[in-house]
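Since the structure comes first, as structure tokens, the remarks are kept for the end.
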Amino acid sequence: MTGALLICRAFLVLIGPFAGDYAATFAVGWPRLPRPIVGRSECAICGAPIAARDAVPVISWLAKRGARSCCGGRIPIAYPLGEVAGLISGLAAVLAPTPLAAAWVFALGLTLTYIALVDLRRFSIPVPGLMMLGLLLIARVAIDGQAGEIAPRLATAAVLALAFAALRRLASRGGRAGLGGGDIVLAAVLGALVNWRLASVMVSLAAAIPLLVQYTRRQFGPTPFGFWLSASAGLLLLVESLSKLIE
């Protein structure tokens, strides 16, 4: 292991929870940009500066039981979820063979986190997130350097886009709230990222898990499908990386 790769891995693991918190901040504020974007964090309710002891990822949220120290307001669940996802992204980057690949894995994890949290809160897929996913897809093909992978990835994206568009039309005919256009694009891009080998598993998990959760809780209603789709894709890509490491 080179010194550059070791430093890159350590940095991404340490910075992961904080980067995940930052991604959650953008997700919570969507479609507006958070204020301030840089500098010391402030309470979104009362505007008071957040002390360093209250900004420790996950730990501060657990210690305060999800409450704000300044005004007692509730901290959105998106923050601890983003921090955990950021940590997982940093740990997943450790599996990458090169610093460039590690940076790609980390960026993908944060992008999926942002998209998932926006959809969880707003039932909408952010366009900037989709654009970033597209750039990461292009970067993956360039990093892999395998021209033969392009056609299968494009075919997977096309099949998923057509299938989800058909489902959207069927749902709208029944008078029910169906998939949005953002869900269709997200499914297509994620399908190209995971490729045809894992695309069907990704969609199955994204559909089955929320149904199981709703059935268990006996609470049925609209489901943030983009959240589950992003989470499923991230999980499968992580498992794929682990399997390659074992081999």
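Chain identifiers are assigned as A, B, and so on, following the order in which chains appear in the structure tokens; residues are numbered from 1 within each chain, and ligands are numbered from 1 in order of appearance.
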Write out as JSON, numbers by chain each polymer residue whose atoms come within 12 Å of segment 7-17 of chain A, counting only C-alpha atoms; drop sequence neighbours fewer than 3 positions from it.
{"A": [1, 2, 3, 4, 20, 21, 22, 23, 24, 55, 56, 57, 58, 59, 79, 80, 81, 82, 83, 84, 85, 86, 87, 88, 89, 90, 91, 92, 93, 94, 95, 96, 97, 98, 99, 100, 101, 102, 103, 104, 105, 106, 107, 109, 110, 113]}
Just write the chosen residues, N, CA and C atoms, as a compact mmCIF listing (two decimals), in the first residue's frame.
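Now in again-v7.txt:
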# COMPACT_ATOMS: atom_id res chain seq x y z
N MET A 1 0.85 -1.20 0.00
CA MET A 1 0.00 0.00 0.00
C MET A 1 0.88 1.25 0.00
N THR A 2 0.63 2.15 -0.91
CA THR A 2 1.42 3.37 -0.99
C THR A 2 1.02 4.34 0.11
N GLY A 3 1.95 5.27 0.41
CA GLY A 3 1.65 6.26 1.44
C GLY A 3 0.49 7.16 1.04
N ALA A 4 0.41 7.49 -0.26
CA ALA A 4 -0.67 8.36 -0.73
C ALA A 4 -2.03 7.69 -0.54
N GLY A 20 -21.00 13.71 5.45
CA GLY A 20 -22.39 13.26 5.41
C GLY A 20 -23.33 14.24 6.06
N ASP A 21 -22.89 14.86 7.15
CA ASP A 21 -23.68 15.91 7.80
C ASP A 21 -23.87 17.10 6.87
N TYR A 22 -22.82 17.43 6.13
CA TYR A 22 -22.90 18.55 5.18
C TYR A 22 -23.89 18.23 4.06
N ALA A 23 -23.84 16.98 3.56
CA ALA A 23 -24.79 16.56 2.53
C ALA A 23 -26.21 16.62 3.07
N ALA A 24 -26.39 16.23 4.34
CA ALA A 24 -27.72 16.29 4.95
C ALA A 24 -28.20 17.72 5.08
N ALA A 55 -21.73 19.36 17.75
CA ALA A 55 -21.59 19.08 16.32
C ALA A 55 -20.82 17.80 16.06
N VAL A 56 -20.72 16.94 17.08
CA VAL A 56 -20.05 15.66 16.89
C VAL A 56 -21.02 14.71 16.20
N PRO A 57 -20.68 14.20 15.02
CA PRO A 57 -21.62 13.37 14.26
C PRO A 57 -22.19 12.21 15.07
N VAL A 58 -23.49 12.04 14.97
CA VAL A 58 -24.26 10.95 15.59
C VAL A 58 -24.25 11.04 17.12
N ILE A 59 -23.08 11.17 17.71
CA ILE A 59 -22.96 11.15 19.17
C ILE A 59 -23.75 12.31 19.79
N TYR A 79 -30.14 14.31 9.54
CA TYR A 79 -28.76 14.59 9.96
C TYR A 79 -28.03 13.34 10.43
N PRO A 80 -28.55 12.59 11.41
CA PRO A 80 -27.82 11.36 11.80
C PRO A 80 -27.77 10.34 10.67
N LEU A 81 -28.81 10.28 9.85
CA LEU A 81 -28.77 9.36 8.71
C LEU A 81 -27.65 9.75 7.75
N GLY A 82 -27.52 11.04 7.48
CA GLY A 82 -26.46 11.51 6.60
C GLY A 82 -25.08 11.25 7.18
N GLU A 83 -24.94 11.43 8.50
CA GLU A 83 -23.65 11.20 9.13
C GLU A 83 -23.24 9.74 9.09
N VAL A 84 -24.20 8.85 9.32
CA VAL A 84 -23.90 7.41 9.23
C VAL A 84 -23.56 7.03 7.79
N ALA A 85 -24.33 7.57 6.83
CA ALA A 85 -24.06 7.28 5.43
C ALA A 85 -22.68 7.82 5.02
N GLY A 86 -22.29 8.97 5.55
CA GLY A 86 -20.97 9.52 5.25
C GLY A 86 -19.87 8.62 5.80
N LEU A 87 -20.07 8.09 7.01
CA LEU A 87 -19.09 7.16 7.58
C LEU A 87 -18.98 5.90 6.73
N ILE A 88 -20.12 5.37 6.30
CA ILE A 88 -20.10 4.18 5.45
C ILE A 88 -19.40 4.48 4.13
N SER A 89 -19.63 5.67 3.59
CA SER A 89 -18.97 6.06 2.34
C SER A 89 -17.46 6.09 2.52
N GLY A 90 -17.00 6.63 3.66
CA GLY A 90 -15.57 6.66 3.93
C GLY A 90 -14.99 5.27 4.09
N LEU A 91 -15.72 4.40 4.79
CA LEU A 91 -15.25 3.03 4.97
C LEU A 91 -15.24 2.26 3.64
N ALA A 92 -16.25 2.53 2.81
CA ALA A 92 -16.29 1.87 1.50
C ALA A 92 -15.13 2.32 0.62
N ALA A 93 -14.74 3.59 0.77
CA ALA A 93 -13.62 4.10 -0.02
C ALA A 93 -12.32 3.40 0.34
N VAL A 94 -12.24 2.86 1.56
CA VAL A 94 -11.04 2.14 1.98
C VAL A 94 -10.79 0.92 1.10
N LEU A 95 -11.87 0.38 0.53
CA LEU A 95 -11.75 -0.83 -0.29
C LEU A 95 -11.21 -0.53 -1.69
N ALA A 96 -11.18 0.73 -2.07
CA ALA A 96 -10.75 1.10 -3.42
C ALA A 96 -9.24 0.87 -3.59
N PRO A 97 -8.82 0.43 -4.78
CA PRO A 97 -7.40 0.10 -4.98
C PRO A 97 -6.50 1.31 -5.20
N THR A 98 -7.06 2.46 -5.60
CA THR A 98 -6.25 3.64 -5.89
C THR A 98 -6.89 4.87 -5.25
N PRO A 99 -6.12 5.93 -5.04
CA PRO A 99 -6.71 7.16 -4.49
C PRO A 99 -7.82 7.71 -5.37
N LEU A 100 -7.69 7.62 -6.70
CA LEU A 100 -8.72 8.11 -7.60
C LEU A 100 -10.01 7.33 -7.44
N ALA A 101 -9.89 6.01 -7.35
CA ALA A 101 -11.06 5.16 -7.17
C ALA A 101 -11.69 5.41 -5.80
N ALA A 102 -10.87 5.65 -4.78
CA ALA A 102 -11.40 5.94 -3.44
C ALA A 102 -12.19 7.24 -3.44
N ALA A 103 -11.68 8.25 -4.13
CA ALA A 103 -12.40 9.52 -4.23
C ALA A 103 -13.72 9.33 -4.95
N TRP A 104 -13.74 8.47 -5.97
CA TRP A 104 -14.97 8.21 -6.72
C TRP A 104 -16.02 7.54 -5.82
N VAL A 105 -15.60 6.54 -5.07
CA VAL A 105 -16.52 5.84 -4.17
C VAL A 105 -17.09 6.81 -3.14
N PHE A 106 -16.24 7.65 -2.59
CA PHE A 106 -16.67 8.61 -1.57
C PHE A 106 -17.67 9.60 -2.15
N ALA A 107 -17.37 10.11 -3.34
CA ALA A 107 -18.27 11.06 -3.99
C ALA A 107 -19.61 10.42 -4.31
N GLY A 109 -21.02 7.90 -2.69
CA GLY A 109 -21.76 7.72 -1.44
C GLY A 109 -22.44 8.99 -0.97
N LEU A 110 -21.76 10.10 -1.07
CA LEU A 110 -22.34 11.38 -0.64
C LEU A 110 -23.46 11.82 -1.58
N THR A 113 -26.44 9.81 -0.81
CA THR A 113 -26.98 10.28 0.47
C THR A 113 -27.83 11.53 0.27
Extract the full set of helix (DSSP H, G or I) residues from segment 67-221 of chain A according to DSSP on the backbone, and format it as a VMD selection string.
chain A and resid 78 to 93 99 to 122 127 to 144 147 to 173 181 to 194 196 to 217
Within 9 Å of Pro224 of chain A, counting only C-alpha atoms, which residues show up once you throw out same-chain ones fewer than 6 positions away? Write them as a ChimeraX atom specification, please.
/A:116,119-124,210
I'd like the neighbourhood of Glu149 of chain A as a list in words, where a residue qualifies if any of its atoms comes within 12 Å (using only C-alpha atoms), though same-chain residues fewer than 4 positions away should be ignored.
Leu137, Ile138, Arg140, Val141, Ala142, Ile143, Asp144, Gly145, Arg153, Leu154, Ala155, Thr156, Ala192, Leu193, Val194, Asn195, Trp196 and Arg197 of chain A
Export C-alpha atoms of the chosen residues as a PDB file, in the first residue's frame?
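Ended up saving to part25.pdb:
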ATOM      1  CA  LEU A 137     -21.149   7.276 -14.248  1.00  0.00           C
ATOM      2  CA  ILE A 138     -18.955   8.771 -16.969  1.00  0.00           C
ATOM      3  CA  ARG A 140     -16.540   5.138 -13.667  1.00  0.00           C
ATOM      4  CA  VAL A 141     -16.423   4.084 -17.307  1.00  0.00           C
ATOM      5  CA  ALA A 142     -13.273   6.170 -17.748  1.00  0.00           C
ATOM      6  CA  ILE A 143     -11.636   4.715 -14.623  1.00  0.00           C
ATOM      7  CA  ASP A 144     -12.510   1.129 -15.546  1.00  0.00           C
ATOM      8  CA  GLY A 145     -11.241   1.684 -19.068  1.00  0.00           C
ATOM      9  CA  ARG A 153     -24.747  -0.120 -19.087  1.00  0.00           C
ATOM     10  CA  LEU A 154     -26.638   1.965 -21.648  1.00  0.00           C
ATOM     11  CA  ALA A 155     -28.955  -0.967 -22.380  1.00  0.00           C
ATOM     12  CA  THR A 156     -29.656  -1.430 -18.668  1.00  0.00           C
ATOM     13  CA  ALA A 192     -26.197   1.984 -15.558  1.00  0.00           C
ATOM     14  CA  LEU A 193     -23.999   2.305 -12.474  1.00  0.00           C
ATOM     15  CA  VAL A 194     -24.730  -1.159 -11.065  1.00  0.00           C
ATOM     16  CA  ASN A 195     -25.036  -2.686 -14.561  1.00  0.00           C
ATOM     17  CA  TRP A 196     -27.398  -5.448 -15.644  1.00  0.00           C
ATOM     18  CA  ARG A 197     -26.062  -8.038 -13.203  1.00  0.00           C
TER      19      ARG A 197
END
Considering only C-alpha atoms, can you say which of A:Cys71, A:Ala63, A:Ala206, A:Leu112 comes closest to Pro49 of chain A?
A:Cys71
Coordinates-based distance that separates atom CA of Ser60 of chain A from atom CA of Cys43 of chain A (Å, one decimal)
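These atoms are spaced 14.1 Å apart.
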Let me make sure I understand: among A:Gly66, A:Gly129, A:Gly148, A:Gly73, which one has the smallest atom-to-atom distance to Leu117 of chain A if we use only C-alpha atoms?
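Of the candidates, the smallest distance to Leu117 of chain A is held by A:Gly129.
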Those in segment 7-241 of chain A with strand (DSSP E or B) from DSSP, as a PyMOL selection string
chain A and resi 42+49+67+74
For Thr111 of chain A, which residue among A:Leu133, A:Ala231, A:Ile125, A:Ile209 is the nearest when counting only C-alpha atoms?
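The closest residue to Thr111 of chain A is A:Leu133.
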At what distance in Å, to one decimal, does atom CA of Gly191 of chain A lie from atom CA of Pro76 of chain A?
29.8 Å
State, in Å with one decimal place, the distance from atom CA of Lys244 of chain A to atom CA of Gly134 of chain A.
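It comes out at 23.9 Å.
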